[in-house]
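Novice: My questions all concern the structure below.
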Amino acid sequence: IDGDGWVDLVVSTGGGTPCFGAKMEWMNANGTTLWIDTPNDVLLERLKRGRDHRPLIRGLDDAALQTYIDSAMERRRPYYAKSQVRWEDDGTERLDILKLLEHA
């Protein structure tokens, strides 16, 4: 906690959180927002590994999962684009949150 009562922390929201109400505007007004822009094919590979633990995609085959990702990203992209910082993730390296925050 700094002298003004603020705490330095990172909050990772669920993928749809910025898309409801004025959440993105609130986050921008109250901190630094960072969008890790990941290609849909990389998201597909990541989500395939953990799909059994995610209620919205559990039970989807690979083709249905790809359709879900494509549709969700089309809806969400305009909200994500309001982020103050955009980091392009091509999936080739492990992301280091400290490295991302240095650029924020």
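Ordered as shown in the structure tokens, chains take letters A, B, and onward, while each chain numbers its residues from 1 and ligands are numbered from 1 in the order shown.
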For the contact check between stretch 66-93 of chain A and stretch 7-25 of chain A, emit one row per residue of stretch 66-93 of chain A within 8 Å, containing the shortest atom pair and the distance in Å rounded to one decimal, counting only C-alpha atoms, chain then rising number order, as CSV.
Specialist:
residue,atom,partner,partner_atom,distance
A:Arg76,CA,A:Cys19,CA,6.4
A:Tyr79,CA,A:Cys19,CA,5.8
A:Tyr80,CA,A:Pro18,CA,7.0
A:Lys82,CA,A:Met24,CA,7.1
A:Ser83,CA,A:Met24,CA,7.6
Novice: What's the 9 Å shell around stretch 56-71 of chain A, counting only C-alpha atoms, without same-chain residues fewer than 5 positions away, as a PyMOL selection string?
Specialist: chain A and resi 40-41+43-44+47-48+50-51+76
Novice: Please report, as number ranges by chain, each residue of chain A to which DSSP assigns strand (DSSP E) when run on this structure's backbone.
Specialist: A: 34-37, 85-88
Novice: Mind checking which residues fall within 10 Å of A:Gln84, counting only C-alpha atoms, ignoring those fewer than 4 positions away in the same chain, and posting them as JSON, numbers by chain?
Specialist: {"A": [27, 28, 31, 32, 33, 34, 35, 80, 104]}
Novice: For the alpha helix (DSSP H) assignment from backbone DSSP, which residues of chain A qualify? Please present them as a PyMOL selection string.
Specialist: chain A and resi 23-30+40-50+62-80+97-102
Novice: Between atom CA of A:Asp89 and atom CA of A:Val42, what distance in Å does the model show, to one decimal?
Specialist: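 Between atom CA of A:Asp89 and atom CA of A:Val42 the gap works out to 9.0 Å.
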